[in-house]
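Coordinates as given in work-v9.pdb (PDB, C-alpha atoms and all ligand atoms):
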ATOM      1  CA  MET A 184     -11.798  46.406  12.571
ATOM      2  CA  ASN A 185     -14.282  49.076  11.530
ATOM      3  CA  GLU A 186     -12.543  49.358   8.163
ATOM      4  CA  VAL A 187     -12.780  45.605   7.654
ATOM      5  CA  LEU A 188     -16.531  45.636   8.266
ATOM      6  CA  GLY A 189     -16.970  48.782   6.206
ATOM      7  CA  LEU A 190     -18.406  50.529   9.267
ATOM      8  CA  ALA A 191     -16.149  53.514   8.692
ATOM      9  CA  ASP A 192     -18.431  54.347   5.765
ATOM     10  CA  PRO A 193     -21.164  56.573   7.252
ATOM     11  CA  ASN A 194     -23.732  55.111   4.819
ATOM     12  CA  THR A 195     -23.026  51.565   6.022
ATOM     13  CA  LEU A 196     -23.195  52.622   9.659
ATOM     14  CA  ALA A 197     -26.485  54.433   8.986
ATOM     15  CA  ARG A 198     -27.942  51.269   7.434
ATOM     16  CA  VAL A 199     -26.783  49.088  10.354
ATOM     17  CA  VAL A 200     -28.475  51.473  12.806
ATOM     18  CA  GLY A 201     -31.493  51.530  10.487
ATOM     19  CA  VAL A 202     -31.827  47.732  10.537
ATOM     20  CA  ILE A 203     -31.515  47.764  14.357
ATOM     21  CA  CYS A 204     -34.339  50.360  14.479
ATOM     22  CA  PHE A 205     -36.354  48.129  12.107
ATOM     23  CA  ALA A 206     -35.764  45.131  14.424
ATOM     24  CA  VAL A 207     -36.962  47.100  17.482
ATOM     25  CA  GLY A 208     -40.079  48.213  15.557
ATOM     26  CA  ALA A 209     -40.749  44.662  14.309
ATOM     27  CA  TRP A 210     -40.420  43.195  17.797
ATOM     28  CA  LEU A 211     -42.853  45.799  19.208
ATOM     29  CA  GLY A 212     -45.239  45.244  16.291
ATOM     30  CA  SER A 213     -45.215  41.474  16.721
ATOM     31  CA  TRP A 214     -46.842  41.722  20.156
ATOM     32  CA  PHE A 215     -48.708  45.060  19.808
ATOM     33  CA  PRO A 216     -52.114  43.682  18.573
ATOM     34  CA  ASP A 217     -52.592  41.656  21.765
ATOM     35  CA  ILE A 218     -52.602  44.781  23.962
ATOM     36  CA  ASP A 219     -56.364  44.388  23.457
ATOM     37  CA  ARG A 220     -56.124  41.935  26.378
ATOM     38  CA  ILE A 221     -55.362  44.843  28.736
ATOM     39  CA  ALA A 222     -58.606  45.398  30.623
ATOM     40  CA  VAL A 223     -58.474  49.211  30.848
ATOM     41  CA  LEU A 224     -58.623  49.464  27.050
ATOM     42  CA  ARG A 225     -62.106  47.922  27.192
ATOM     43  CA  LEU A 226     -61.540  45.963  24.020
ATOM     44  CA  ARG A 227     -62.283  42.285  23.464
ATOM     45  CA  HIS A 228     -59.426  40.029  22.373
ATOM     46  CA  ARG A 229     -58.765  40.081  18.606
ATOM     47  CA  SER A 230     -60.309  43.534  18.398
ATOM     48  CA  THR A 231     -60.231  45.090  14.926
ATOM     49  CA  VAL A 232     -58.878  48.235  16.623
ATOM     50  CA  THR A 233     -55.511  46.595  17.308
ATOM     51  CA  HIS A 234     -55.671  43.672  14.852
ATOM     52  CA  GLY A 235     -55.464  45.838  11.764
ATOM     53  CA  CYS A 236     -53.277  48.290   9.890
ATOM     54  CA  ALA A 237     -54.568  51.422  11.677
ATOM     55  CA  ALA A 238     -51.755  51.556  14.271
ATOM     56  CA  PRO A 239     -48.974  50.904  11.697
ATOM     57  CA  ALA A 240     -50.477  53.599   9.426
ATOM     58  CA  LEU A 241     -50.591  56.095  12.329
ATOM     59  CA  THR A 242     -47.023  55.169  13.294
ATOM     60  CA  PHE A 243     -45.940  55.801   9.721
ATOM     61  CA  VAL A 244     -47.661  59.224   9.647
ATOM     62  CA  ALA A 245     -46.047  60.103  13.010
ATOM     63  CA  ALA A 246     -42.631  58.980  11.710
ATOM     64  CA  ARG A 247     -43.079  61.115   8.614
ATOM     65  CA  ALA A 248     -44.008  64.087  10.800
ATOM     66  CA  THR A 249     -40.769  63.780  12.783
ATOM     67  CA  GLY A 250     -38.775  63.774   9.535
ATOM     68  CA  SER A 251     -36.342  61.318  11.151
ATOM     69  CA  GLU A 252     -34.988  58.461   9.067
ATOM     70  CA  TRP A 253     -34.653  56.311  12.232
ATOM     71  CA  ALA A 254     -38.339  56.811  13.017
ATOM     72  CA  GLY A 255     -39.062  55.680   9.444
ATOM     73  CA  TRP A 256     -37.133  52.443  10.012
ATOM     74  CA  VAL A 257     -38.986  51.821  13.295
ATOM     75  CA  ALA A 258     -42.340  52.476  11.572
ATOM     76  CA  ALA A 259     -41.516  50.083   8.696
ATOM     77  CA  GLY A 260     -40.471  47.420  11.225
ATOM     78  CA  PHE A 261     -43.619  48.012  13.276
ATOM     79  CA  ALA A 262     -45.811  47.443  10.195
ATOM     80  CA  ALA A 263     -43.891  44.233   9.378
ATOM     81  CA  GLY A 264     -44.261  43.000  12.980
ATOM     82  CA  VAL A 265     -48.017  43.652  13.083
ATOM     83  CA  GLY A 266     -48.325  41.935   9.668
ATOM     84  CA  LEU A 267     -46.494  38.907  11.050
ATOM     85  CA  HIS A 268     -48.751  38.780  14.118
ATOM     86  CA  LEU A 269     -51.881  38.949  11.935
ATOM     87  CA  ALA A 270     -50.459  36.263   9.608
ATOM     88  CA  PHE A 271     -50.213  33.941  12.632
ATOM     89  CA  ASP A 272     -53.731  34.892  13.732
ATOM     90  CA  LEU A 273     -54.917  33.890  10.249
ATOM     91  CA  PHE A 274     -54.106  30.258  11.128
ATOM     92  CA  PRO A 275     -55.809  29.449  14.438
ATOM     93  CA  GLY A 276     -56.284  25.853  15.562
ATOM     94  CA  LYS A 277     -60.058  26.310  15.307
ATOM     95  CA  TRP A 278     -62.168  29.240  14.102
ATOM     96  CA  ARG A 279     -64.059  29.625  17.365
ATOM     97  CA  GLY A 280     -64.317  32.166  20.194
ATOM     98  CA  PHE A 281     -61.183  34.308  20.466
ATOM     99  CA  ALA A 282     -60.020  33.224  17.000
ATOM    100  CA  LEU A 283     -62.737  35.385  15.433
ATOM    101  CA  VAL A 284     -62.066  39.108  15.140
ATOM    102  CA  ASP A 285     -64.194  41.427  17.250
ATOM    103  CA  VAL A 286     -65.634  44.752  16.120
ATOM    104  CA  PRO A 287     -66.265  47.062  19.116
ATOM    105  CA  ARG A 288     -70.014  47.355  19.829
ATOM    106  CA  LEU A 289     -70.884  44.951  17.003
ATOM    107  CA  GLY A 290     -69.359  41.783  18.416
ATOM    108  CA  ARG A 291     -67.557  38.817  16.918
ATOM    109  CA  CYS A 292     -67.437  38.397  13.148
ATOM    110  CA  THR A 293     -68.067  35.177  11.265
ATOM    111  CA  LYS A 294     -65.144  33.032  10.116
ATOM    112  CA  ALA A 295     -65.410  34.362   6.534
ATOM    113  CA  VAL A 296     -65.304  38.020   7.648
ATOM    114  CA  SER A 297     -62.434  37.279  10.079
ATOM    115  CA  VAL A 298     -60.383  35.623   7.322
ATOM    116  CA  VAL A 299     -61.004  38.477   4.861
ATOM    117  CA  TRP A 300     -60.254  41.094   7.537
ATOM    118  CA  LEU A 301     -56.994  39.471   8.659
ATOM    119  CA  PHE A 302     -55.846  38.691   5.100
ATOM    120  CA  ALA A 303     -56.533  42.239   3.864
ATOM    121  CA  ASN A 304     -54.721  43.723   6.858
ATOM    122  CA  VAL A 305     -51.697  41.397   6.507
ATOM    123  CA  PHE A 306     -51.506  42.672   2.930
ATOM    124  CA  MET A 307     -51.744  46.340   3.974
ATOM    125  CA  CYS A 308     -49.186  45.901   6.782
ATOM    126  CA  THR A 309     -46.648  44.103   4.561
ATOM    127  CA  GLY A 310     -47.274  46.664   1.811
ATOM    128  CA  LEU A 311     -46.718  49.514   4.268
ATOM    129  CA  ALA A 312     -43.487  47.884   5.490
ATOM    130  CA  VAL A 313     -42.135  47.236   1.986
ATOM    131  CA  TRP A 314     -43.082  50.665   0.631
ATOM    132  CA  THR A 315     -41.888  52.693   3.603
ATOM    133  CA  VAL A 316     -38.595  51.058   4.568
ATOM    134  CA  PRO A 317     -36.136  53.949   4.020
ATOM    135  CA  ALA A 318     -33.320  53.760   1.474
ATOM    136  CA  PRO A 319     -33.561  50.057   0.793
ATOM    137  CA  ASN A 320     -30.584  48.410  -0.790
ATOM    138  CA  ILE A 321     -30.312  44.695  -1.237
ATOM    139  CA  VAL A 322     -28.182  44.136   1.895
ATOM    140  CA  SER A 323     -30.321  46.175   4.279
ATOM    141  CA  PHE A 324     -33.500  44.774   2.731
ATOM    142  CA  THR A 325     -32.228  41.212   3.231
ATOM    143  CA  ALA A 326     -31.262  42.061   6.822
ATOM    144  CA  CYS A 327     -34.832  43.305   7.435
ATOM    145  CA  LEU A 328     -36.213  40.089   5.934
ATOM    146  CA  ALA A 329     -33.911  38.109   8.245
ATOM    147  CA  VAL A 330     -35.323  40.032  11.231
ATOM    148  CA  VAL A 331     -38.882  39.102  10.190
ATOM    149  CA  GLY A 332     -37.717  35.502   9.589
ATOM    150  CA  ALA A 333     -36.221  35.320  13.092
ATOM    151  CA  LEU A 334     -39.440  36.652  14.643
ATOM    152  CA  TYR A 335     -41.406  34.122  12.574
ATOM    153  CA  LEU A 336     -39.243  31.263  13.904
ATOM    154  CA  TYR A 337     -39.692  32.586  17.432
ATOM    155  CA  GLY A 338     -43.479  32.638  16.831
ATOM    156  CA  VAL A 339     -43.444  29.047  15.561
ATOM    157  CA  LEU A 340     -41.436  27.837  18.556
ATOM    158  CA  LYS A 341     -43.572  29.772  21.037
ATOM    159  CA  LYS A 342     -46.949  28.815  19.585
ATOM    160  CA  ARG A 343     -46.003  25.287  18.482
ATOM    161  CA  GLU A 344     -48.011  25.959  15.323
ATOM    162  CA  HIS A 345     -49.351  22.988  13.410
ATOM    163  CA  PHE A 346     -49.739  25.097  10.288
ATOM    164  CA  ALA A 347     -46.352  26.756  10.655
ATOM    165  CA  ALA A 348     -45.902  27.189   6.911
ATOM    166  CA  GLY A 349     -49.206  29.062   6.528
ATOM    167  CA  PRO A 350     -48.203  32.418   8.051
ATOM    168  CA  LEU A 351     -44.839  32.369   6.274
ATOM    169  CA  LEU A 352     -46.315  31.580   2.842
ATOM    170  CA  THR A 353     -48.960  34.272   3.311
ATOM    171  CA  LEU A 354     -46.348  36.864   4.264
ATOM    172  CA  LEU A 355     -43.980  35.914   1.455
ATOM    173  CA  SER A 356     -46.633  35.959  -1.264
ATOM    174  CA  LEU A 357     -48.154  39.237  -0.056
ATOM    175  CA  GLY A 358     -44.702  40.797   0.510
ATOM    176  CA  ALA A 359     -43.619  39.785  -3.000
ATOM    177  CA  ASP A 360     -46.859  41.260  -4.360
ATOM    178  CA  ALA A 361     -46.101  44.555  -2.653
ATOM    179  CA  LEU A 362     -42.597  44.763  -4.128
TER     180      LEU A 362
HETATM  181 ZN    ZN B   1     -53.538  38.551  18.127
END
Please, can you express the file's structure as structure tokens?
Amino acid sequence: MNEVLGLADPNTLARVVGVICFAVGAWLGSWFPDIDRIAVLRLRHRSTVTHGCAAPALTFVAARATGSEWAGWVAAGFAAGVGLHLAFDLFPGKWRGFALVDVPRLGRCTKAVSVVWLFANVFMCTGLAVWTVPAPNIVSFTACLAVVGALYLYGVLKKREHFAAGPLLTLLSLGADAL
């Protein structure tokens, strides 16, 4: 069976494990920004601390420091997941209250600043994911895209988004730009 699937090839097996690591990272990244709701962190919801590319960038640096390829896959997935989350946050029902990003000590931003902040950070997160995914070949890259697509569908179903195409189009155009 392994021969049929090509899993006997160590490179193929490594890529399968890599995509699984990417999926774990992407799943974690897709909910990570909303840890700002946890009271002990003393952040307001939609804080720029968690709704930005800082955590994915730190994760990438930490992955690099470990020198592990698996950590690199997790970090790339994490950046993609955070990017997906921010792409959804870019399309709120109404730009009011929690929809606006919050800068600690400075307070809520205007709609224009929130849009620019989220858009710029979706771009940086997708760029980080595309540039850092280890040893991409067309099959593993497509598998990673499928993971992001599945999380996107899950987001649409969970949020019952009216502007469901918005986050996807934003991600696709920015992801293609980063390629
Ligand atoms: Zn959020």
Distance filter 6 Å around ligand ZN 1 (chain B), atoms: only C-alpha atoms and all ligand atoms, out as a PyMOL selection string: chain A and resi 216-217+229+272
Starting from the PyMOL selection byres (((chain A and resi 268) around 10) and not hetatm), expand the selection into actual residues of this file and give them as a PyMOL selection string. chain A and resi 209+212-217+234+262-267+269-273+301+305+334-335+338+350
Decode the PyMOL selection byres (((chain A and resi 240) around 10) and not hetatm) for the given file into explicit residues and return them as a CSV table (one decimal) with C-alpha atoms, in the coordinates of the input.
chain,number,residue,atom,x,y,z
A,235,GLY,CA,-55.5,45.8,11.8
A,236,CYS,CA,-53.3,48.3,9.9
A,237,ALA,CA,-54.6,51.4,11.7
A,238,ALA,CA,-51.8,51.6,14.3
A,239,PRO,CA,-49.0,50.9,11.7
A,241,LEU,CA,-50.6,56.1,12.3
A,242,THR,CA,-47.0,55.2,13.3
A,243,PHE,CA,-45.9,55.8,9.7
A,244,VAL,CA,-47.7,59.2,9.6
A,245,ALA,CA,-46.0,60.1,13.0
A,246,ALA,CA,-42.6,59.0,11.7
A,258,ALA,CA,-42.3,52.5,11.6
A,259,ALA,CA,-41.5,50.1,8.7
A,261,PHE,CA,-43.6,48.0,13.3
A,262,ALA,CA,-45.8,47.4,10.2
A,307,MET,CA,-51.7,46.3,4.0
A,308,CYS,CA,-49.2,45.9,6.8
A,311,LEU,CA,-46.7,49.5,4.3
A,312,ALA,CA,-43.5,47.9,5.5
Could you tell me how far CA of His228 in chain A lies from CA of Val296 in chain A, in Å and to one decimal?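 Here the two named atoms are 16.0 Å from each other.
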Atom pair CA of Ser323 in chain A / CA of Lys342 in chain A: separation (Å):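 These two atoms are separated by 28.5 Å.
For the atom pair formed by CA of Ser297 in chain A and CA of Leu336 in chain A, the distance is 24.3 Å, given to one decimal.
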Tell me, as a VMD selection string, which residues lie within 12 Å of range 289-295 of chain A, counting only C-alpha atoms; anything in the same chain fewer than 4 positions away does not count. chain A and resid 226 to 231 273 to 275 277 to 285 299 to 302
Please provide as a ChimeraX atom specification all residues within 9 Å of Gly332 in chain A, with the sequence filter that same-chain residues fewer than 5 positions apart are discarded (counting all atoms listed in the file). /A:327,337,351
Give me the result of the PyMOL selection byres (((chain A and resi 202) around 9) and not hetatm) on this file, residue by residue, as a PyMOL selection string. chain A and resi 197-201+203-207+256-257+260+323-324+326-327+330
Completion of range 288-299 of chain A up to all heavy atoms, as a CSV table (one decimal), in the coordinates of the input:
chain,number,residue,atom,x,y,z
A,288,ARG,N,-68.6,47.1,19.8
A,288,ARG,CA,-70.0,47.4,19.8
A,288,ARG,C,-70.8,46.4,18.9
A,288,ARG,O,-72.0,46.2,19.1
A,288,ARG,CB,-70.3,48.8,19.4
A,288,ARG,CG,-69.9,49.8,20.5
A,288,ARG,CD,-70.2,51.2,20.1
A,288,ARG,NE,-69.5,52.1,21.0
A,288,ARG,CZ,-70.1,52.5,22.2
A,288,ARG,NH1,-71.3,52.1,22.5
A,288,ARG,NH2,-69.4,53.3,23.0
A,289,LEU,N,-70.2,45.8,17.9
A,289,LEU,CA,-70.9,45.0,17.0
A,289,LEU,C,-70.7,43.5,17.4
A,289,LEU,O,-71.5,42.6,17.0
A,289,LEU,CB,-70.4,45.2,15.6
A,289,LEU,CG,-70.8,46.5,15.0
A,289,LEU,CD1,-70.4,46.6,13.5
A,289,LEU,CD2,-72.4,46.7,15.0
A,290,GLY,N,-69.6,43.2,18.0
A,290,GLY,CA,-69.4,41.8,18.4
A,290,GLY,C,-68.5,41.0,17.5
A,290,GLY,O,-67.9,41.6,16.5
A,291,ARG,N,-68.4,39.7,17.7
A,291,ARG,CA,-67.6,38.8,16.9
A,291,ARG,C,-68.1,38.6,15.5
A,291,ARG,O,-69.3,38.5,15.2
A,291,ARG,CB,-67.4,37.4,17.6
A,291,ARG,CG,-66.9,37.5,19.0
A,291,ARG,CD,-65.6,36.6,19.1
A,291,ARG,NE,-65.0,36.9,20.4
A,291,ARG,CZ,-63.8,37.6,20.5
A,291,ARG,NH1,-63.1,37.9,19.4
A,291,ARG,NH2,-63.3,37.9,21.7
A,292,CYS,N,-67.1,38.6,14.6
A,292,CYS,CA,-67.4,38.4,13.1
A,292,CYS,C,-67.5,36.9,12.9
A,292,CYS,O,-67.1,36.1,13.7
A,292,CYS,CB,-66.4,39.0,12.3
A,292,CYS,SG,-66.2,40.8,12.5
A,293,THR,N,-68.0,36.6,11.7
A,293,THR,CA,-68.1,35.2,11.3
A,293,THR,C,-66.7,34.8,10.8
A,293,THR,O,-65.8,35.6,10.7
A,293,THR,CB,-69.0,35.0,10.1
A,293,THR,OG1,-68.5,35.8,9.0
A,293,THR,CG2,-70.4,35.4,10.4
A,294,LYS,N,-66.5,33.5,10.6
A,294,LYS,CA,-65.1,33.0,10.1
A,294,LYS,C,-64.8,33.7,8.8
A,294,LYS,O,-63.6,34.2,8.6
A,294,LYS,CB,-65.2,31.5,9.9
A,294,LYS,CG,-63.9,31.0,9.3
A,294,LYS,CD,-64.0,29.5,8.9
A,294,LYS,CE,-62.8,29.1,8.1
A,294,LYS,NZ,-62.8,27.7,7.6
A,295,ALA,N,-65.7,33.8,7.9
A,295,ALA,CA,-65.4,34.4,6.5
A,295,ALA,C,-64.9,35.8,6.7
A,295,ALA,O,-63.9,36.2,6.1
A,295,ALA,CB,-66.6,34.3,5.6
A,296,VAL,N,-65.7,36.6,7.5
A,296,VAL,CA,-65.3,38.0,7.6
A,296,VAL,C,-63.9,38.1,8.4
A,296,VAL,O,-63.1,39.0,8.0
A,296,VAL,CB,-66.4,38.8,8.4
A,296,VAL,CG1,-66.0,40.2,8.8
A,296,VAL,CG2,-67.7,38.8,7.7
A,297,SER,N,-63.7,37.3,9.4
A,297,SER,CA,-62.4,37.3,10.1
A,297,SER,C,-61.3,37.0,9.1
A,297,SER,O,-60.2,37.7,9.2
A,297,SER,CB,-62.4,36.2,11.2
A,297,SER,OG,-63.4,36.5,12.1
A,298,VAL,N,-61.4,36.0,8.3
A,298,VAL,CA,-60.4,35.6,7.3
A,298,VAL,C,-60.1,36.8,6.4
A,298,VAL,O,-58.9,37.2,6.2
A,298,VAL,CB,-60.8,34.3,6.5
A,298,VAL,CG1,-59.8,34.1,5.4
A,298,VAL,CG2,-60.8,33.1,7.4
A,299,VAL,N,-61.2,37.4,5.8
A,299,VAL,CA,-61.0,38.5,4.9
A,299,VAL,C,-60.3,39.7,5.6
A,299,VAL,O,-59.4,40.3,5.0
A,299,VAL,CB,-62.4,38.9,4.2
A,299,VAL,CG1,-62.2,40.2,3.4
A,299,VAL,CG2,-62.9,37.8,3.4
